[in-house]
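Data block for start-v4.txt (compact mmCIF, C-alpha atoms):
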# COMPACT_ATOMS: atom_id res chain seq x y z
CA MET J 115 -17.92 -26.72 -11.84
CA ASN J 116 -14.41 -28.15 -11.63
CA HIS J 117 -11.88 -26.68 -14.05
CA SER J 118 -8.75 -28.84 -13.62
CA ALA J 119 -5.68 -26.93 -14.75
CA THR J 120 -3.45 -28.59 -17.35
CA PRO J 121 -0.02 -29.22 -15.80
CA PRO J 122 2.81 -27.25 -17.41
CA PRO J 123 4.83 -29.15 -20.02
CA ILE J 124 8.07 -30.92 -19.09
CA ARG J 125 10.86 -28.53 -20.05
CA LEU J 126 13.59 -30.50 -21.85
CA LEU J 127 17.20 -29.74 -22.79
CA ILE J 128 18.77 -32.03 -25.43
CA ALA J 129 22.54 -32.36 -25.95
CA ASP J 130 24.04 -34.55 -28.69
CA ASP J 131 26.98 -33.82 -30.98
CA GLU J 132 25.41 -35.80 -33.84
CA HIS J 133 23.25 -33.19 -35.58
CA LEU J 134 21.02 -35.73 -37.31
CA ILE J 135 20.17 -37.53 -34.07
CA ARG J 136 19.72 -34.29 -32.11
CA GLY J 137 17.41 -32.94 -34.82
CA ALA J 138 15.39 -36.16 -34.87
CA LEU J 139 15.01 -36.13 -31.07
CA GLU J 140 13.93 -32.48 -31.11
CA ALA J 141 11.38 -33.15 -33.86
CA LEU J 142 9.92 -36.36 -32.41
CA LEU J 143 9.88 -35.37 -28.74
CA GLY J 144 8.61 -31.93 -29.71
CA LEU J 145 5.46 -33.60 -31.05
CA GLU J 146 4.56 -34.80 -27.53
CA PRO J 147 1.94 -32.41 -26.11
CA ASP J 148 3.41 -32.48 -22.61
CA ILE J 149 7.10 -31.96 -23.57
CA GLU J 150 8.65 -28.61 -24.51
CA ILE J 151 12.19 -28.39 -25.95
CA VAL J 152 13.74 -25.34 -24.28
CA ALA J 153 17.38 -25.72 -25.43
CA SER J 154 19.74 -27.91 -27.43
CA ALA J 155 23.52 -28.21 -27.57
CA ASP J 156 26.20 -30.14 -29.45
CA ASN J 157 28.71 -30.47 -26.58
CA GLY J 158 28.79 -30.91 -22.81
CA VAL J 159 30.17 -27.46 -21.97
CA THR J 160 27.39 -25.64 -23.86
CA ALA J 161 24.80 -28.01 -22.36
CA ALA J 162 25.93 -27.08 -18.84
CA GLN J 163 25.78 -23.34 -19.68
CA LEU J 164 22.31 -23.65 -21.24
CA ALA J 165 21.05 -25.65 -18.25
CA VAL J 166 21.95 -22.74 -15.96
CA GLU J 167 20.24 -20.26 -18.30
CA THR J 168 17.05 -22.22 -19.04
CA LYS J 169 16.67 -24.36 -15.86
CA PRO J 170 15.00 -27.33 -17.60
CA ASP J 171 13.11 -30.07 -15.77
CA ILE J 172 15.07 -32.76 -17.63
CA CYS J 173 18.45 -32.78 -19.38
CA LEU J 174 18.80 -35.49 -22.04
CA LEU J 175 22.55 -35.88 -22.56
CA ASP J 176 24.49 -38.01 -25.03
CA LEU J 177 27.30 -39.87 -23.27
CA GLU J 178 29.99 -39.35 -25.95
CA MET J 179 30.35 -35.60 -26.60
CA PRO J 180 33.32 -33.31 -27.25
CA GLN J 181 34.72 -30.80 -24.72
CA ALA J 182 32.84 -32.48 -21.84
CA ASP J 183 31.17 -35.88 -22.10
CA GLY J 184 27.66 -36.58 -20.81
CA LEU J 185 28.78 -37.59 -17.33
CA GLN J 186 31.09 -34.60 -16.92
CA ALA J 187 28.28 -32.31 -18.08
CA ALA J 188 25.81 -34.10 -15.78
CA ALA J 189 28.05 -33.60 -12.74
CA GLN J 190 28.40 -29.88 -13.50
CA ILE J 191 24.67 -29.42 -14.20
CA LEU J 192 23.50 -31.30 -11.09
CA ALA J 193 25.88 -29.25 -8.93
CA THR J 194 24.35 -25.98 -10.10
CA VAL J 195 20.77 -26.57 -11.31
CA SER J 196 17.73 -28.29 -9.78
CA THR J 197 17.04 -30.67 -12.65
CA ARG J 198 17.19 -34.38 -13.48
CA VAL J 199 19.51 -36.01 -16.03
CA ILE J 200 18.95 -38.86 -18.48
CA ILE J 201 22.03 -40.25 -20.26
CA VAL J 202 21.62 -41.65 -23.78
CA THR J 203 24.40 -43.82 -25.19
CA ARG J 204 25.24 -45.89 -28.23
CA HIS J 205 28.08 -47.75 -26.49
CA ALA J 206 27.02 -48.84 -23.01
CA ARG J 207 30.44 -49.77 -21.66
CA PRO J 208 30.00 -51.73 -18.39
CA GLY J 209 31.57 -49.35 -15.87
CA VAL J 210 29.82 -46.26 -17.26
CA LEU J 211 26.55 -47.09 -15.51
CA ARG J 212 28.28 -47.22 -12.11
CA ARG J 213 29.87 -43.82 -12.81
CA ALA J 214 26.50 -42.46 -13.95
CA LEU J 215 24.76 -43.59 -10.75
CA ALA J 216 27.57 -42.07 -8.68
CA THR J 217 26.90 -38.79 -10.52
CA ARG J 218 23.20 -39.01 -9.45
CA VAL J 219 21.91 -39.52 -13.00
CA SER J 220 18.21 -40.47 -13.00
CA GLY J 221 17.97 -42.30 -16.32
CA PHE J 222 20.23 -44.38 -18.56
CA VAL J 223 18.96 -45.51 -21.98
CA PRO J 224 20.45 -46.80 -25.26
CA LYS J 225 20.20 -44.70 -28.43
CA SER J 226 18.18 -47.49 -30.00
CA THR J 227 15.24 -46.60 -27.72
CA PRO J 228 12.18 -45.56 -29.83
CA ALA J 229 11.12 -41.92 -29.35
CA GLU J 230 7.76 -42.98 -27.93
CA ASP J 231 9.47 -45.10 -25.24
CA LEU J 232 11.94 -42.32 -24.55
CA ALA J 233 9.03 -39.93 -23.98
CA HIS J 234 7.67 -42.35 -21.34
CA VAL J 235 11.09 -42.47 -19.65
CA ILE J 236 11.22 -38.65 -19.63
CA ARG J 237 7.76 -38.52 -17.99
CA ASP J 238 8.73 -41.11 -15.38
CA VAL J 239 11.96 -39.31 -14.51
CA ALA J 240 10.17 -35.96 -14.37
CA ALA J 241 7.75 -37.58 -11.89
CA GLY J 242 10.67 -38.49 -9.64
CA LYS J 243 11.29 -42.06 -10.76
CA ARG J 244 14.55 -43.57 -12.00
CA TYR J 245 14.91 -45.61 -15.19
CA ILE J 246 17.85 -47.84 -16.10
CA ASP J 247 17.67 -49.92 -19.29
CA PRO J 248 17.52 -53.60 -18.14
CA GLU J 249 20.19 -54.84 -20.57
CA ILE J 250 22.62 -52.11 -19.55
CA ALA J 251 21.94 -52.88 -15.87
CA ALA J 252 22.57 -56.60 -16.40
CA THR J 253 25.86 -55.94 -18.22
CA ALA J 254 27.01 -53.58 -15.48
CA LEU J 255 26.21 -56.11 -12.74
CA ALA J 256 28.24 -58.81 -14.51
CA ALA J 257 31.26 -56.55 -15.09
CA GLU J 258 34.37 -56.60 -12.94
CA ARG J 259 34.84 -53.78 -10.49
CA CYS J 260 37.49 -51.18 -11.23
CA PRO J 261 40.72 -51.99 -9.35
CA LEU J 262 42.28 -48.58 -10.02
CA THR J 263 42.46 -45.55 -7.74
CA ASP J 264 41.00 -42.18 -8.74
CA ARG J 265 44.49 -40.77 -9.39
CA GLU J 266 45.43 -43.75 -11.59
CA LEU J 267 42.21 -43.23 -13.54
CA ASP J 268 42.94 -39.49 -13.90
CA ALA J 269 46.39 -40.24 -15.32
CA LEU J 270 45.00 -42.82 -17.78
CA ARG J 271 42.18 -40.50 -18.85
CA ILE J 272 44.63 -37.74 -19.80
CA SER J 273 47.06 -40.22 -21.38
CA ARG J 274 44.41 -41.03 -24.00
CA SER J 275 44.97 -37.56 -25.49
CA THR J 276 48.72 -37.12 -24.86
CA THR J 277 51.74 -39.43 -24.60
CA SER J 278 53.79 -36.90 -22.63
CA VAL J 279 54.23 -37.62 -18.93
CA ALA J 280 55.13 -33.95 -18.44
CA GLN J 281 51.79 -32.85 -19.91
CA ILE J 282 49.87 -35.35 -17.78
CA ALA J 283 51.77 -34.11 -14.71
CA ALA J 284 51.03 -30.47 -15.57
CA GLN J 285 47.28 -31.14 -15.93
CA LEU J 286 47.14 -33.05 -12.64
CA HIS J 287 49.48 -30.63 -10.83
CA LEU J 288 51.76 -33.51 -9.88
CA ALA J 289 55.46 -34.33 -10.25
CA PRO J 290 56.31 -36.36 -13.39
CA GLY J 291 57.76 -39.13 -11.20
CA THR J 292 54.46 -39.41 -9.32
CA VAL J 293 52.57 -39.71 -12.61
CA ARG J 294 54.96 -42.44 -13.79
CA ASN J 295 54.25 -44.33 -10.57
CA TYR J 296 50.49 -44.07 -11.11
CA LEU J 297 50.80 -45.26 -14.72
CA SER J 298 53.10 -48.15 -13.75
CA SER J 299 50.74 -49.18 -10.96
CA ALA J 300 47.76 -49.14 -13.36
CA MET J 301 49.67 -51.22 -15.93
CA MET J 302 50.57 -53.77 -13.23
CA LYS J 303 47.00 -54.03 -11.88
CA LEU J 304 45.56 -54.46 -15.39
CA ASN J 305 48.38 -56.81 -16.47
CA VAL J 306 49.14 -54.88 -19.68
CA PRO J 307 52.51 -53.93 -21.21
CA SER J 308 51.99 -50.21 -21.86
CA ARG J 309 50.17 -47.16 -20.55
CA HIS J 310 48.33 -46.98 -23.91
CA ASP J 311 46.98 -50.50 -23.33
CA ALA J 312 46.04 -49.59 -19.75
CA ALA J 313 44.16 -46.49 -20.91
CA GLU J 314 42.40 -48.44 -23.66
CA LYS J 315 41.28 -51.17 -21.26
CA ALA J 316 40.05 -48.60 -18.74
CA TRP J 317 38.08 -46.87 -21.51
CA GLN J 318 36.63 -50.12 -22.87
CA GLU J 319 35.47 -51.07 -19.38
CA GLY J 320 33.86 -47.65 -18.93
CA TRP J 321 36.08 -46.68 -15.97
CA ILE J 322 37.20 -43.47 -17.70
Could the structure of this file be written out as C-alpha cells, please?
Amino acid sequence: MNHSATPPPIRLLIADDEHLIRGALEALLGLEPDIEIVASADNGVTAAQLAVETKPDICLLDLEMPQADGLQAAAQILATVSTRVIIVTRHARPGVLRRALATRVSGFVPKSTPAEDLAHVIRDVAAGKRYIDPEIAATALAAERCPLTDRELDALRISRSTTSVAQIAAQLHLAPGTVRNYLSSAMMKLNVPSRHDAAEKAWQEGWI
C-alpha cells in the first residue's frame, strides 16, 4: 500500500509597509493549503532580519518600502539566506526590472495581481521557475539603458534626501569636489539643468 507523503507547505515571508495590503495578502495567501505565512514585516530592514531568523522558502517583498526598499532588502537576504525573492510593485518603473534581475530576484509582479494568480506564481518560483509579468517585461525592453555610472547613481540616490553636497560626500566617503563632478556629469548626460532634475529622472526611469 503506497502512502505518498504530503509535501511540506511553502514557507512565505511577506513585507509591505501598507498595513491593509499586507494584511490582505496574509489573509488570502494563508487560505492556500500549501502556503504557510512564517513572518511579516513593514520595512526592508526588518524583512532581512526576519528572513535570517525564519529561513523562508519565498520572500514576497514590496518594492517601495522605508529604511530599505525591496531590492535593497532582496540583495541583503539573497546574500545571507537560501531563499527565493518575488518583488511586488505598484509602480513598475522601466529600469527597476533590470536592477531586480541583476539582484537575482526570481519573480516580479504588479500589485494588481489577484491573490489566486499570485499563489500560482509563488508555487512556480518555489519549484525553481522564474516569473516576470509580461507587461513589465515589455516596458523594460522598450526603455532606454541607463547612461550613468554606479558612482553617479549613488550620488543622485542620496541627493533625493539631501541637498547638501557635504552630506552626500560624507555618505559616499568622497571629497565634495568629486561629488560635484559626479553630479555635473549626470546632469550633462541626462540633459537637465539641476541635480534635483537629474535625480528625479533617474528615479522615474527606475535607475535608482
- [ ] Using only C-alpha atoms, find the one residue out of J:Val195, J:Ala251, J:Leu177, J:Ala229 that sits nearest to Gly144 in chain J.
- [x] J:Ala229
Task: One-decimal distance in Å that lies between CA of Thr276 in chain J and CA of Gln318 in chain J - done: 17.9 Å
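Shortest separation to Glu167 in chain J among J:Leu134, J:Ala193, J:Met179, J:Leu127 occurs at residue J:Leu127, atoms counted being all atoms listed in the file.
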Open item on the list: Env of range 182-191 of chain J: 12 Å cut, atoms = only C-alpha atoms, seq-sep filter 5 positions within chain, self excluded. Answer as number ranges by chain.
Closed with: J: 127-131, 155-177, 196-203, 210-222, 320-322
Task: Among listed residues J:His133, J:Arg271, J:Arg265, J:Arg309, nearest Leu288 in chain J (using only C-alpha atoms) - done: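 Checking each of J:His133, J:Arg271, J:Arg265, J:Arg309 against Leu288 in chain J, counting only C-alpha atoms, the winner is J:Arg265.
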Open item on the list: Report, in Å to a single decimal, how far apart CA of Glu319 in chain J and CA of Gly291 in chain J are.
Closed with: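 Computed distance, CA of Gly291 in chain J to CA of Glu319 in chain J, equals 26.6 Å.
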- [ ] To one decimal in Å, tell me the separation between CA of Ala280 in chain J and CA of Glu314 in chain J.
- [x]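 CA of Ala280 in chain J sits 20.0 Å away from CA of Glu314 in chain J.
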Atom completion result for range 129-140 of chain J (N, CA and C atoms) as a compact mmCIF listing (two decimals), in the coordinates of the input:
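Wrote it out as result_22.txt, contents follow:
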# COMPACT_ATOMS: atom_id res chain seq x y z
N ALA J 129 21.15 -32.56 -25.53
CA ALA J 129 22.54 -32.36 -25.95
C ALA J 129 23.06 -33.61 -26.65
N ASP J 130 23.47 -33.45 -27.90
CA ASP J 130 24.04 -34.55 -28.69
C ASP J 130 24.87 -33.93 -29.79
N ASP J 131 26.12 -34.42 -29.97
CA ASP J 131 26.98 -33.82 -30.98
C ASP J 131 26.66 -34.30 -32.39
N GLU J 132 25.83 -35.35 -32.52
CA GLU J 132 25.41 -35.80 -33.84
C GLU J 132 24.16 -35.03 -34.26
N HIS J 133 24.33 -34.12 -35.23
CA HIS J 133 23.25 -33.19 -35.58
C HIS J 133 21.99 -33.91 -36.05
N LEU J 134 22.17 -34.99 -36.79
CA LEU J 134 21.02 -35.73 -37.31
C LEU J 134 20.19 -36.31 -36.16
N ILE J 135 20.88 -36.92 -35.20
CA ILE J 135 20.17 -37.53 -34.07
C ILE J 135 19.53 -36.45 -33.20
N ARG J 136 20.27 -35.37 -32.94
CA ARG J 136 19.72 -34.29 -32.11
C ARG J 136 18.48 -33.69 -32.77
N GLY J 137 18.56 -33.48 -34.09
CA GLY J 137 17.41 -32.94 -34.82
C GLY J 137 16.21 -33.87 -34.78
N ALA J 138 16.48 -35.18 -34.91
CA ALA J 138 15.39 -36.16 -34.87
C ALA J 138 14.73 -36.18 -33.50
N LEU J 139 15.55 -36.14 -32.44
CA LEU J 139 15.01 -36.13 -31.07
C LEU J 139 14.17 -34.88 -30.83
N GLU J 140 14.68 -33.73 -31.28
CA GLU J 140 13.93 -32.48 -31.11
C GLU J 140 12.58 -32.56 -31.83
